[in-house]
Every structure is written in structure tokens, then in C-alpha cells.
file my_file.csv (CSV, C-alpha atoms)
chain,number,residue,atom,x,y,z
W,153,LYS,CA,7.0,-12.2,0.4
W,154,ALA,CA,7.4,-10.7,3.9
W,155,ASP,CA,8.0,-13.1,6.7
W,156,GLY,CA,4.5,-13.7,8.2
W,157,GLY,CA,3.1,-11.4,5.6
W,158,VAL,CA,1.1,-11.6,2.4
W,159,ASP,CA,1.7,-10.7,-1.2
W,160,ILE,CA,-0.5,-8.4,-3.3
W,161,ALA,CA,-2.4,-11.2,-5.0
W,162,GLU,CA,-3.3,-12.6,-1.5
W,163,ILE,CA,-4.5,-9.2,-0.4
W,164,ARG,CA,-6.7,-8.9,-3.5
W,165,ASP,CA,-8.1,-12.4,-3.2
W,166,ASN,CA,-8.8,-12.1,0.6
W,167,ARG,CA,-9.6,-8.4,0.8
W,168,GLU,CA,-12.9,-8.9,2.7
W,169,ARG,CA,-11.2,-11.1,5.3
W,170,LEU,CA,-8.2,-8.8,5.7
W,171,ALA,CA,-10.2,-5.5,5.8
W,172,GLY,CA,-9.4,-3.5,8.9
W,173,GLN,CA,-6.4,-5.7,9.7
W,174,ILE,CA,-2.7,-4.8,9.8
W,175,VAL,CA,-1.0,-6.4,6.8
W,176,SER,CA,2.7,-6.8,5.9
W,177,VAL,CA,3.7,-6.8,2.3
W,178,ARG,CA,7.0,-6.5,0.4
W,179,GLY,CA,7.1,-4.7,-2.9
W,180,GLN,CA,8.9,-2.4,-5.3
W,181,VAL,CA,7.9,1.3,-5.4
W,182,SER,CA,6.4,2.0,-8.8
W,183,LYS,CA,5.1,5.5,-8.0
W,184,TYR,CA,5.8,7.9,-5.2
W,185,THR,CA,4.2,11.3,-4.4
W,186,ALA,CA,5.3,13.2,-1.3
W,187,ARG,CA,3.3,15.5,1.0
W,188,VAL,CA,-0.2,15.3,-0.4
W,189,MET,CA,-2.9,15.7,2.3
W,190,ASN,CA,-0.1,15.5,4.9
W,191,LYS,CA,0.9,12.0,3.8
W,192,ASN,CA,3.4,10.4,1.4
W,193,TRP,CA,1.7,8.2,-1.2
W,194,LEU,CA,3.2,5.3,-3.0
W,195,HIS,CA,2.2,2.4,-5.1
W,196,ILE,CA,4.1,-0.9,-4.7
W,197,ARG,CA,4.2,-4.0,-6.9
W,198,ASP,CA,5.4,-7.5,-6.4
W,199,ASN,CA,5.7,-10.6,-8.7
W,200,SER,CA,2.4,-12.0,-7.5
W,201,SER,CA,0.2,-9.6,-9.5
W,202,GLN,CA,0.2,-7.3,-12.5
W,203,GLN,CA,-1.6,-4.7,-10.3
W,204,ASP,CA,-0.1,-2.5,-7.6
W,205,ILE,CA,-1.5,-1.4,-4.3
W,206,THR,CA,-1.6,2.1,-2.9
W,207,VAL,CA,0.0,2.9,0.5
W,208,THR,CA,0.0,6.1,2.6
W,209,THR,CA,2.8,6.7,5.1
W,210,GLN,CA,4.8,9.4,6.9
W,211,ASP,CA,8.0,7.6,5.9
W,212,THR,CA,9.9,8.2,2.7
W,213,ALA,CA,11.1,6.0,-0.2
W,214,SER,CA,12.3,6.4,-3.7
W,215,LEU,CA,11.1,5.1,-7.0
W,216,ASN,CA,12.2,1.5,-7.5
W,217,ASP,CA,13.1,0.9,-3.8
W,218,VAL,CA,12.1,-2.5,-2.4
W,219,VAL,CA,10.2,-1.8,0.8
W,220,LEU,CA,8.5,-3.7,3.6
W,221,VAL,CA,5.2,-2.1,4.3
W,222,LYS,CA,3.1,-2.6,7.4
W,223,GLY,CA,-0.3,-0.9,7.8
W,224,ARG,CA,-4.0,-1.2,8.0
W,225,LEU,CA,-5.9,-2.5,4.9
W,226,VAL,CA,-8.9,-0.3,4.2
W,227,LEU,CA,-11.6,-1.0,1.6
W,228,ASP,CA,-13.6,1.6,-0.4
W,229,LYS,CA,-11.8,4.6,0.9
W,230,ASP,CA,-13.2,7.9,-0.4
W,231,PHE,CA,-11.0,10.9,0.1
W,232,GLY,CA,-13.4,13.2,-1.8
W,233,HIS,CA,-12.7,15.1,-5.0
W,234,GLY,CA,-12.8,11.9,-7.0
W,235,TYR,CA,-10.1,10.1,-5.1
W,236,VAL,CA,-11.7,6.7,-4.3
W,237,TYR,CA,-9.6,3.6,-3.6
W,238,GLY,CA,-11.2,0.2,-3.6
W,239,MET,CA,-8.3,-1.0,-1.5
W,240,ILE,CA,-5.5,1.0,0.3
W,241,ILE,CA,-3.0,0.4,3.0
W,242,GLU,CA,-3.1,3.4,5.3
W,243,ASP,CA,-0.7,5.0,7.9
W,244,ALA,CA,1.9,2.4,7.1
W,245,THR,CA,5.4,2.1,8.3
W,246,LEU,CA,8.1,1.5,5.7
W,247,GLN,CA,11.4,-0.3,5.9
W,248,VAL,CA,13.6,0.2,2.8
W,249,GLU,CA,15.5,-3.0,2.0
call {"tool": "encode", "arguments": {"input": "my_file.csv", "output": "C-alpha cells"}}
result
Amino acid sequence: KADGGVDIAEIRDNRERLAGQIVSVRGQVSKYTARVMNKNWLHIRDNSSQQDITVTTQDTASLNDVVLVKGRLVLDKDFGHGYVYGMIIEDATLQVE
């Protein structure tokens, strides 16, 4: 878990309270897609949950990197064309560890 941060299970359990706030979370990149809608998209996982969380960023990472993510938690984000996220961390900064 990131110093002063949360893990993915805490984000999921407290999503309403954390909505709109900047969150810090550490996880391993389980999926990475570059340059879609002028953003890099990644999914990260940690040992607190079986589920991952989606992150958008201008920074880059590689599959299986452990990263520290810091960005705004947004709920019910609809990008159109069927791309709807119940929870996403947007415009994050990444630090590869």
C-alpha cells in the first residue's frame, strides 16, 4: 500500500466518499494500452482485491510494472461508444518502482 494511500479494496469499499478526490494507490500493471483518446490506459491490481482498477495517464508503463498511481477518482464515467466505467482514476501521474 502506498504511504498515505489506499489499496484497491479500500477504493471499492469507500468509492462514494473518495469520489472526486485525489487518491494514491500502488499496484501491478495487468493491462496497458497506449495512445487511445490521447491518453495511456492501464489496469492495475494489488493483493487487496481480485479486481483491478482502470487508470488514465500521460505517463508510460509496461505490463507487470509495479507503479505508484496518483490521480482523481471518478465514478460512473461515460466516454461514449459503450465505454462506461463505474470507477476510474483519471489524469494520473505514475511512478514506476
call {"tool": "residues_around", "arguments": {"input": "my_file.csv", "residues": "range 175-183 of chain W", "least_positions_apart": "5", "cutoff": "9 Å", "atoms": "all atoms listed in the file", "output": "VMD selection string"}}
result
chain W and resid 153 to 160 163 170 193 to 199 204 213 to 225 241
call {"tool": "atom_distance", "arguments": {"input": "my_file.csv", "atom1": "CA of Thr212 in chain W", "atom2": "CA of Tyr184 in chain W"}}
result
8.9 Å
call {"tool": "residues_near_point", "arguments": {"input": "my_file.csv", "point": "(-1.2, 11.7, 5.2)", "cutoff": "7 Å", "atoms": "all atoms listed in the file", "output": "PyMOL selection string"}}
result
chain W and resi 188-192+208-210
call {"tool": "write_last_selection", "arguments": {"input": "my_file.csv", "atoms": "C-alpha atoms", "output": "PDB file, keeping the file's coordinate frame"}}
result
ATOM      1  CA  VAL W 188      -0.200  15.300  -0.400  1.00  0.00           C
ATOM      2  CA  MET W 189      -2.900  15.700   2.300  1.00  0.00           C
ATOM      3  CA  ASN W 190      -0.100  15.500   4.900  1.00  0.00           C
ATOM      4  CA  LYS W 191       0.900  12.000   3.800  1.00  0.00           C
ATOM      5  CA  ASN W 192       3.400  10.400   1.400  1.00  0.00           C
ATOM      6  CA  THR W 208       0.000   6.100   2.600  1.00  0.00           C
ATOM      7  CA  THR W 209       2.800   6.700   5.100  1.00  0.00           C
ATOM      8  CA  GLN W 210       4.800   9.400   6.900  1.00  0.00           C
TER       9      GLN W 210
END
call {"tool": "closest_residue", "arguments": {"input": "my_file.csv", "among": "W:Thr206, W:Asn166, W:Ala186, W:Ser201", "to": "Tyr235 in chain W", "atoms": "only C-alpha atoms"}}
result
W:Thr206
call {"tool": "atom_distance", "arguments": {"input": "my_file.csv", "atom1": "CA of Arg167 in chain W", "atom2": "CA of Thr185 in chain W"}}
result
24.6 Å
call {"tool": "atom_distance", "arguments": {"input": "my_file.csv", "atom1": "CA of Asp165 in chain W", "atom2": "CA of Ile205 in chain W"}}
result
12.9 Å
call {"tool": "closest_residue", "arguments": {"input": "my_file.csv", "among": "W:Glu249, W:Gln203, W:Glu242, W:Asp211", "to": "Val226 in chain W", "atoms": "all atoms listed in the file"}}
result
W:Glu242
call {"tool": "axis_aligned_box", "arguments": {"input": "my_file.csv", "around": "range 186-196 of chain W", "padding_each_side": "4 Å", "output": "AutoDock Vina command-line options"}}
result
--center_x 1.2 --center_y 7.4 --center_z -0.1 --size_x 16.2 --size_y 24.6 --size_z 18.0
call {"tool": "residues_around", "arguments": {"input": "my_file.csv", "residues": "Glu168 in chain W", "least_positions_apart": "6", "cutoff": "12 Å", "atoms": "only C-alpha atoms", "output": "number ranges by chain"}}
result
W: 162, 225-228, 238-239
call {"tool": "write_last_selection", "arguments": {"input": "my_file.csv", "atoms": "C-alpha atoms", "output": "compact mmCIF listing (two decimals), keeping the file's coordinate frame"}}
result
# COMPACT_ATOMS: atom_id res chain seq x y z
CA GLU W 162 -3.30 -12.60 -1.50
CA LEU W 225 -5.90 -2.50 4.90
CA VAL W 226 -8.90 -0.30 4.20
CA LEU W 227 -11.60 -1.00 1.60
CA ASP W 228 -13.60 1.60 -0.40
CA GLY W 238 -11.20 0.20 -3.60
CA MET W 239 -8.30 -1.00 -1.50
call {"tool": "closest_residue", "arguments": {"input": "my_file.csv", "among": "W:Arg164, W:Arg169, W:Arg187, W:Asp243", "to": "Val207 in chain W", "atoms": "only C-alpha atoms"}}
result
W:Asp243
call {"tool": "closest_residue", "arguments": {"input": "my_file.csv", "among": "W:Ala244, W:Gly234, W:Lys229, W:Ala161", "to": "Ser200 in chain W", "atoms": "all atoms listed in the file"}}
result
W:Ala161
